[in-house]
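Novice: This is work.pdb (PDB, C-alpha atoms, pLDDT in the B column).
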```pdb
ATOM      1  CA  MET U   1     112.398  71.308 123.344  1.00 54.00           C
ATOM      2  CA  ILE U   2     114.085  67.928 123.486  1.00 60.00           C
ATOM      3  CA  THR U   3     111.111  65.631 124.106  1.00 51.00           C
ATOM      4  CA  SER U   4     112.418  62.229 125.063  1.00 57.00           C
ATOM      5  CA  GLY U   5     115.025  60.696 127.287  1.00 71.00           C
ATOM      6  CA  THR U   6     116.969  62.101 130.177  1.00 87.00           C
ATOM      7  CA  ALA U   7     119.753  64.615 130.499  1.00 93.00           C
ATOM      8  CA  ALA U   8     122.286  65.646 133.099  1.00 95.00           C
ATOM      9  CA  TYR U   9     123.756  69.094 133.427  1.00 95.00           C
ATOM     10  CA  GLY U  10     126.490  70.779 135.393  1.00 96.00           C
ATOM     11  CA  MET U  11     127.234  74.471 135.989  1.00 94.00           C
ATOM     12  CA  TYR U  12     130.949  75.317 135.923  1.00 94.00           C
ATOM     13  CA  SER U  13     132.969  78.341 136.909  1.00 89.00           C
ATOM     14  CA  ARG U  14     135.081  80.241 134.414  1.00 83.00           C
ATOM     15  CA  ASN U  15     138.299  78.605 135.615  1.00 86.00           C
ATOM     16  CA  VAL U  16     137.311  74.979 134.906  1.00 88.00           C
ATOM     17  CA  ALA U  17     139.085  73.395 131.944  1.00 91.00           C
ATOM     18  CA  LEU U  18     136.180  72.290 129.757  1.00 92.00           C
ATOM     19  CA  PRO U  19     138.357  69.964 127.628  1.00 93.00           C
ATOM     20  CA  GLU U  20     139.055  67.952 130.793  1.00 95.00           C
ATOM     21  CA  VAL U  21     135.318  67.714 131.536  1.00 96.00           C
ATOM     22  CA  VAL U  22     134.674  66.529 127.971  1.00 96.00           C
ATOM     23  CA  CYS U  23     137.497  63.961 128.163  1.00 96.00           C
ATOM     24  CA  ALA U  24     136.023  62.570 131.391  1.00 96.00           C
ATOM     25  CA  LEU U  25     132.594  62.308 129.739  1.00 97.00           C
ATOM     26  CA  ASN U  26     134.127  60.605 126.690  1.00 96.00           C
ATOM     27  CA  ARG U  27     135.967  58.102 128.916  1.00 97.00           C
ATOM     28  CA  ALA U  28     132.619  57.331 130.600  1.00 95.00           C
ATOM     29  CA  GLY U  29     131.115  56.460 127.204  1.00 95.00           C
ATOM     30  CA  PHE U  30     129.386  59.695 126.232  1.00 95.00           C
ATOM     31  CA  THR U  31     130.031  60.829 122.676  1.00 95.00           C
ATOM     32  CA  ASN U  32     130.616  64.430 121.678  1.00 95.00           C
ATOM     33  CA  GLN U  33     127.208  64.289 119.916  1.00 93.00           C
ATOM     34  CA  ASP U  34     125.616  63.784 123.370  1.00 93.00           C
ATOM     35  CA  ILE U  35     127.200  66.953 124.735  1.00 96.00           C
ATOM     36  CA  CYS U  36     125.882  70.493 124.528  1.00 95.00           C
ATOM     37  CA  MET U  37     127.631  73.444 126.148  1.00 94.00           C
ATOM     38  CA  VAL U  38     126.068  76.815 126.875  1.00 92.00           C
ATOM     39  CA  LEU U  39     128.827  79.313 127.541  1.00 89.00           C
ATOM     40  CA  SER U  40     128.653  82.797 128.936  1.00 85.00           C
ATOM     41  CA  PRO U  41     129.786  85.315 126.315  1.00 76.00           C
ATOM     42  CA  ALA U  42     132.275  86.592 128.901  1.00 68.00           C
ATOM     43  CA  PRO U  43     134.446  83.552 129.799  1.00 47.00           C
ATOM     44  CA  PRO U  44     137.849  82.964 128.272  1.00 51.00           C
ATOM     45  CA  ASP U  45     136.439  80.126 126.127  1.00 49.00           C
ATOM     46  CA  ALA U  46     134.289  82.591 124.175  1.00 50.00           C
ATOM     47  CA  ALA U  47     136.843  85.401 123.906  1.00 48.00           C
ATOM     48  CA  PRO U  48     138.482  84.210 120.662  1.00 47.00           C
ATOM     49  CA  LEU U  49     135.089  84.151 118.956  1.00 47.00           C
ATOM     50  CA  HIS U  50     134.444  87.802 119.762  1.00 42.00           C
ATOM     51  CA  GLU U  51     137.638  88.571 117.893  1.00 46.00           C
ATOM     52  CA  ALA U  52     136.923  86.199 114.993  1.00 45.00           C
ATOM     53  CA  ARG U  53     135.336  89.080 113.118  1.00 47.00           C
ATOM     54  CA  ALA U  54     138.509  91.149 113.253  1.00 45.00           C
ATOM     55  CA  PHE U  55     140.425  90.742 109.998  1.00 46.00           C
ATOM     56  CA  ASP U  56     143.433  92.547 111.372  1.00 52.00           C
ATOM     57  CA  ALA U  57     143.912  90.050 114.233  1.00 52.00           C
ATOM     58  CA  PRO U  58     147.435  88.684 114.557  1.00 57.00           C
ATOM     59  CA  GLU U  59     148.076  85.257 113.051  1.00 57.00           C
ATOM     60  CA  ILE U  60     148.349  83.620 116.482  1.00 56.00           C
ATOM     61  CA  ASP U  61     144.881  84.944 117.444  1.00 65.00           C
ATOM     62  CA  ARG U  62     143.353  83.673 114.180  1.00 70.00           C
ATOM     63  CA  SER U  63     144.961  80.292 114.750  1.00 77.00           C
ATOM     64  CA  MET U  64     143.544  80.074 118.271  1.00 75.00           C
ATOM     65  CA  THR U  65     140.101  81.120 117.002  1.00 75.00           C
ATOM     66  CA  ALA U  66     140.220  78.449 114.289  1.00 80.00           C
ATOM     67  CA  ARG U  67     141.157  75.772 116.844  1.00 83.00           C
ATOM     68  CA  MET U  68     138.316  76.893 119.139  1.00 81.00           C
ATOM     69  CA  ILE U  69     135.758  76.809 116.320  1.00 82.00           C
ATOM     70  CA  ASN U  70     137.044  73.386 115.248  1.00 85.00           C
ATOM     71  CA  TRP U  71     136.698  72.092 118.817  1.00 87.00           C
ATOM     72  CA  PHE U  72     133.184  73.550 119.261  1.00 88.00           C
ATOM     73  CA  SER U  73     132.002  72.042 115.976  1.00 86.00           C
ATOM     74  CA  ARG U  74     132.662  68.509 117.253  1.00 91.00           C
ATOM     75  CA  PHE U  75     129.858  68.630 119.850  1.00 94.00           C
ATOM     76  CA  GLY U  76     126.126  68.096 119.581  1.00 94.00           C
ATOM     77  CA  ALA U  77     125.892  71.849 120.150  1.00 93.00           C
ATOM     78  CA  VAL U  78     127.717  74.798 121.651  1.00 92.00           C
ATOM     79  CA  VAL U  79     125.767  77.987 122.323  1.00 88.00           C
ATOM     80  CA  ILE U  80     127.271  81.314 123.266  1.00 86.00           C
ATOM     81  CA  PRO U  81     124.313  83.703 123.590  1.00 80.00           C
ATOM     82  CA  THR U  82     124.807  86.905 121.584  1.00 77.00           C
ATOM     83  CA  VAL U  83     127.968  85.449 119.983  1.00 79.00           C
ATOM     84  CA  GLY U  84     127.312  82.231 118.105  1.00 79.00           C
ATOM     85  CA  LEU U  85     125.808  78.796 117.798  1.00 83.00           C
ATOM     86  CA  PHE U  86     127.472  75.578 116.648  1.00 88.00           C
ATOM     87  CA  VAL U  87     125.012  72.721 116.090  1.00 90.00           C
ATOM     88  CA  ARG U  88     125.867  69.278 114.837  1.00 90.00           C
ATOM     89  CA  SER U  89     122.966  67.271 116.282  1.00 88.00           C
ATOM     90  CA  HIS U  90     119.511  67.392 114.682  1.00 85.00           C
ATOM     91  CA  ALA U  91     117.864  67.037 118.127  1.00 83.00           C
ATOM     92  CA  TYR U  92     119.713  70.092 119.434  1.00 87.00           C
ATOM     93  CA  LEU U  93     118.981  72.049 116.259  1.00 84.00           C
ATOM     94  CA  GLN U  94     115.265  71.381 116.657  1.00 81.00           C
ATOM     95  CA  ALA U  95     115.419  72.382 120.331  1.00 78.00           C
ATOM     96  CA  PHE U  96     117.054  75.701 119.469  1.00 76.00           C
ATOM     97  CA  LEU U  97     114.611  76.421 116.643  1.00 76.00           C
ATOM     98  CA  ASP U  98     111.717  75.824 119.036  1.00 64.00           C
ATOM     99  CA  GLU U  99     113.264  78.169 121.624  1.00 54.00           C
ATOM    100  CA  GLN U 100     112.223  81.182 119.555  1.00 56.00           C
ATOM    101  CA  ASN U 101     108.672  80.757 120.888  1.00 52.00           C
ATOM    102  CA  ALA U 102     109.551  82.689 124.074  1.00 53.00           C
ATOM    103  CA  PRO U 103     110.655  86.097 122.731  1.00 50.00           C
ATOM    104  CA  SER U 104     110.207  87.883 126.078  1.00 53.00           C
ATOM    105  CA  LEU U 105     113.077  85.904 127.608  1.00 58.00           C
ATOM    106  CA  SER U 106     116.772  86.532 127.083  1.00 66.00           C
ATOM    107  CA  GLN U 107     118.532  84.484 124.419  1.00 61.00           C
ATOM    108  CA  GLY U 108     120.314  82.377 127.062  1.00 68.00           C
ATOM    109  CA  CYS U 109     117.042  81.595 128.857  1.00 79.00           C
ATOM    110  CA  ARG U 110     115.343  80.633 125.574  1.00 79.00           C
ATOM    111  CA  THR U 111     118.243  78.279 124.871  1.00 83.00           C
ATOM    112  CA  LEU U 112     117.794  76.598 128.250  1.00 87.00           C
ATOM    113  CA  ILE U 113     114.030  76.258 127.714  1.00 85.00           C
ATOM    114  CA  GLY U 114     114.783  74.620 124.364  1.00 84.00           C
ATOM    115  CA  LEU U 115     116.933  72.097 126.217  1.00 87.00           C
ATOM    116  CA  GLY U 116     113.994  71.224 128.495  1.00 86.00           C
ATOM    117  CA  PHE U 117     114.474  73.443 131.536  1.00 88.00           C
ATOM    118  CA  SER U 118     111.368  74.993 133.086  1.00 86.00           C
ATOM    119  CA  GLN U 119     110.964  78.745 132.644  1.00 85.00           C
ATOM    120  CA  ASP U 120     111.882  79.349 136.307  1.00 89.00           C
ATOM    121  CA  ASP U 121     114.992  77.166 136.088  1.00 89.00           C
ATOM    122  CA  ALA U 122     115.953  78.758 132.771  1.00 87.00           C
ATOM    123  CA  LYS U 123     115.790  82.227 134.318  1.00 86.00           C
ATOM    124  CA  ARG U 124     117.730  81.127 137.413  1.00 88.00           C
ATOM    125  CA  LEU U 125     120.399  79.260 135.469  1.00 89.00           C
ATOM    126  CA  GLY U 126     120.580  81.952 132.791  1.00 85.00           C
ATOM    127  CA  THR U 127     121.419  84.504 135.474  1.00 83.00           C
ATOM    128  CA  ARG U 128     123.973  82.161 137.042  1.00 84.00           C
ATOM    129  CA  LEU U 129     125.443  81.400 133.628  1.00 82.00           C
ATOM    130  CA  SER U 130     126.447  85.007 133.101  1.00 75.00           C
ATOM    131  CA  ASP U 131     128.217  84.934 136.473  1.00 71.00           C
ATOM    132  CA  VAL U 132     129.469  81.357 136.481  1.00 70.00           C
ATOM    133  CA  GLY U 133     130.768  80.595 133.013  1.00 83.00           C
ATOM    134  CA  ALA U 134     129.495  77.354 131.462  1.00 92.00           C
ATOM    135  CA  LEU U 135     126.680  74.843 131.537  1.00 94.00           C
ATOM    136  CA  VAL U 136     127.553  71.368 130.258  1.00 96.00           C
ATOM    137  CA  TYR U 137     124.478  69.373 129.209  1.00 95.00           C
ATOM    138  CA  VAL U 138     124.640  65.653 128.452  1.00 95.00           C
ATOM    139  CA  SER U 139     121.830  63.867 126.658  1.00 92.00           C
ATOM    140  CA  CYS U 140     121.205  60.348 128.006  1.00 90.00           C
ATOM    141  CA  GLN U 141     118.692  57.690 127.008  1.00 81.00           C
ATOM    142  CA  GLU U 142     118.420  56.058 130.419  1.00 83.00           C
ATOM    143  CA  SER U 143     118.125  57.616 133.872  1.00 84.00           C
ATOM    144  CA  GLU U 144     120.957  55.365 135.132  1.00 88.00           C
ATOM    145  CA  ARG U 145     123.300  56.968 132.590  1.00 91.00           C
ATOM    146  CA  ALA U 146     122.158  60.402 133.736  1.00 92.00           C
ATOM    147  CA  THR U 147     122.892  59.501 137.354  1.00 93.00           C
ATOM    148  CA  GLY U 148     126.413  58.465 136.368  1.00 94.00           C
ATOM    149  CA  ALA U 149     126.849  61.658 134.346  1.00 95.00           C
ATOM    150  CA  ILE U 150     125.767  63.780 137.331  1.00 96.00           C
ATOM    151  CA  GLU U 151     128.374  62.135 139.552  1.00 96.00           C
ATOM    152  CA  LEU U 152     131.031  62.632 136.894  1.00 96.00           C
ATOM    153  CA  LEU U 153     130.067  66.304 136.437  1.00 97.00           C
ATOM    154  CA  ARG U 154     130.352  66.825 140.193  1.00 97.00           C
ATOM    155  CA  ARG U 155     133.762  65.131 140.297  1.00 96.00           C
ATOM    156  CA  THR U 156     134.988  67.396 137.511  1.00 96.00           C
ATOM    157  CA  GLY U 157     134.074  70.531 139.457  1.00 95.00           C
ATOM    158  CA  ALA U 158     130.448  71.346 138.669  1.00 95.00           C
ATOM    159  CA  GLN U 159     129.054  73.827 141.184  1.00 93.00           C
ATOM    160  CA  GLU U 160     125.593  72.428 140.528  1.00 94.00           C
ATOM    161  CA  ALA U 161     124.693  69.158 138.829  1.00 95.00           C
ATOM    162  CA  ALA U 162     121.253  67.632 138.339  1.00 94.00           C
ATOM    163  CA  CYS U 163     119.055  65.563 136.056  1.00 93.00           C
ATOM    164  CA  LEU U 164     116.261  66.523 133.660  1.00 88.00           C
ATOM    165  CA  LYS U 165     113.673  63.934 132.640  1.00 76.00           C
ATOM    166  CA  PHE U 166     111.497  64.398 129.596  1.00 63.00           C
ATOM    167  CA  ARG U 167     108.196  62.906 128.614  1.00 44.00           C
ATOM    168  CA  LYS U 168     108.389  60.497 125.754  1.00 41.00           C
ATOM    169  CA  ALA U 169     106.754  61.845 122.611  1.00 37.00           C
ATOM    170  CA  VAL U 170     103.337  60.209 122.405  1.00 33.00           C
ATOM    171  CA  ALA U 171     102.942  59.389 118.731  1.00 32.00           C
ATOM    172  CA  ALA U 172     100.487  56.589 119.519  1.00 31.00           C
ATOM    173  CA  ALA U 173      98.095  59.057 121.174  1.00 31.00           C
ATOM    174  CA  ALA U 174      97.581  60.769 117.832  1.00 32.00           C
ATOM    175  CA  ILE U 175      96.463  57.454 116.328  1.00 34.00           C
ATOM    176  CA  ALA U 176      93.990  56.626 119.122  1.00 33.00           C
TER     177      ALA U 176
END
```
In structure tokens, how does this file's structure come out?

Specialist:
Amino acid sequence: MITSGTAAYGMYSRNVALPEVVCALNRAGFTNQDICMVLSPAPPDAAPLHEARAFDAPEIDRSMTARMINWFSRFGAVVIPTVGLFVRSHAYLQAFLDEQNAPSLSQGCRTLIGLGFSQDDAKRLGTRLSDVGALVYVSCQESERATGAIELLRRTGAQEAACLKFRKAVAAAAIA
């Protein structure tokens, strides 16, 4: 679980152009390292990755798959439950390694718990994710930045947008 700071998230339908959402976040000062996307295995964004294993795919399909993988690898993390995981940020990697502590939950729900969602919210959003399409998660250090990110996510078409606040890791408590 990511243990410090604040995050904003937005749930998007399958027809939202995620590159436009990312560009808006970048223009607002968020780096690609700050961004994590959890995609349903069913939306068009994940389709090329299902076919990445096919060696007999036409050249145009392989080219599109390569571009998609290249784009995903620029972010802090992109998770497509049951398909793949692209992690560039150490904080996200640690969150996803810790998620394995809840084996009774689906892979998508464990991913959301690793990002700091409560078990109830992870179940609710995990169910919506399979119907909706994508969750865009933005790590922020200050709550003011998260508030701005929420507004931006709403303006770019998020069906739901909210903030998560995390407790700061208490290293000093171990010393006392």

Novice: Just so the selection is clear, what residues does the PyMOL selection byres ((chain U and resi 28) around 12) cover here, as a PDB file with C-alpha atoms, keeping the file's coordinate frame?

Specialist:
```pdb
ATOM      1  CA  VAL U  21     135.318  67.714 131.536  1.00 96.00           C
ATOM      2  CA  VAL U  22     134.674  66.529 127.971  1.00 96.00           C
ATOM      3  CA  CYS U  23     137.497  63.961 128.163  1.00 96.00           C
ATOM      4  CA  ALA U  24     136.023  62.570 131.391  1.00 96.00           C
ATOM      5  CA  LEU U  25     132.594  62.308 129.739  1.00 97.00           C
ATOM      6  CA  ASN U  26     134.127  60.605 126.690  1.00 96.00           C
ATOM      7  CA  ARG U  27     135.967  58.102 128.916  1.00 97.00           C
ATOM      8  CA  GLY U  29     131.115  56.460 127.204  1.00 95.00           C
ATOM      9  CA  PHE U  30     129.386  59.695 126.232  1.00 95.00           C
ATOM     10  CA  THR U  31     130.031  60.829 122.676  1.00 95.00           C
ATOM     11  CA  ASN U  32     130.616  64.430 121.678  1.00 95.00           C
ATOM     12  CA  ASP U  34     125.616  63.784 123.370  1.00 93.00           C
ATOM     13  CA  VAL U 138     124.640  65.653 128.452  1.00 95.00           C
ATOM     14  CA  ARG U 145     123.300  56.968 132.590  1.00 91.00           C
ATOM     15  CA  ALA U 146     122.158  60.402 133.736  1.00 92.00           C
ATOM     16  CA  GLY U 148     126.413  58.465 136.368  1.00 94.00           C
ATOM     17  CA  ALA U 149     126.849  61.658 134.346  1.00 95.00           C
ATOM     18  CA  ILE U 150     125.767  63.780 137.331  1.00 96.00           C
ATOM     19  CA  GLU U 151     128.374  62.135 139.552  1.00 96.00           C
ATOM     20  CA  LEU U 152     131.031  62.632 136.894  1.00 96.00           C
ATOM     21  CA  LEU U 153     130.067  66.304 136.437  1.00 97.00           C
TER      22      LEU U 153
END
```

Novice: List as a ChimeraX atom specification: which residues have an atom within 6 Å of (132.0, 75.7, 137.7), counting only C-alpha atoms?

Specialist: /U:11-13,157-159

Novice: With all atoms of stretch 71-87 of chain U from the file as input, state the centre and edge lengths in Å to one decimal of the axis-aligned box that has 3 Å extra on each side, as AutoDock Vina command-line options.

Specialist:
```
--center_x 130.5 --center_y 77.5 --center_z 119.8 --size_x 18.4 --size_y 24.8 --size_z 13.6
```

Novice: Just checking: using only C-alpha atoms, which residue out of U:Tyr9, U:Tyr92, U:Phe117, U:Tyr137 ends up closest to U:Gly76?

Specialist: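 Going through U:Tyr9, U:Tyr92, U:Phe117, U:Tyr137 one by one, the smallest distance to U:Gly76 is for U:Tyr92.
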
Novice: Would you translate the PyMOL selection byres ((chain U and resi 73) around 10) into the concrete set of residues it matches in this file, as number ranges by chain?

Specialist: U: 32-33, 67-72, 74-78, 85-88

Novice: Selected by the PyMOL selection byres ((chain U and resi 164) around 8) in the shown coordinates: which residues, as a list of chain:residue names?

Specialist: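 Listing what the PyMOL selection byres ((chain U and resi 164) around 8) selects in the shown file: U:Thr6, U:Ala7, U:Ala8, U:Tyr9, U:Gly116, U:Phe117, U:Ala162, U:Cys163, U:Lys165, U:Phe166.
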
Novice: Would you work out the distance separating atom CA of U:Ala95 from atom CA of U:Leu115, expressed in Å to one decimal?

Specialist: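 We find that atom CA of U:Ala95 and atom CA of U:Leu115 lie 6.1 Å from each other.
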
Novice: Rounded to one decimal place, report the atom CA of U:Arg14-atom CA of U:Ala134 distance in Å.

Specialist: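 Atom CA of U:Ala134 lies 6.9 Å from atom CA of U:Arg14.
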
Novice: Excluding U:Lys123 and its own-chain neighbours fewer than 3 positions away, which residues fall within 6 Å of it when counting all atoms listed in the file? Please give them as a ChimeraX atom specification.

Specialist: /U:109,120,126

Novice: If I take atom CA of U:Gln119 and atom CA of U:Ser143, how far is one from the other in Å, to one decimal?

Specialist: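 Pair atom CA of U:Gln119 / atom CA of U:Ser143 returns 22.3 Å.
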
Novice: Looking at U:Ile80, U:Leu18, U:Ile35, U:Ala66, which one is nearest to U:Ser130, with distances taken over all atoms listed in the file?

Specialist: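 Checking each candidate against U:Ser130, we get U:Ile80 as the closest.
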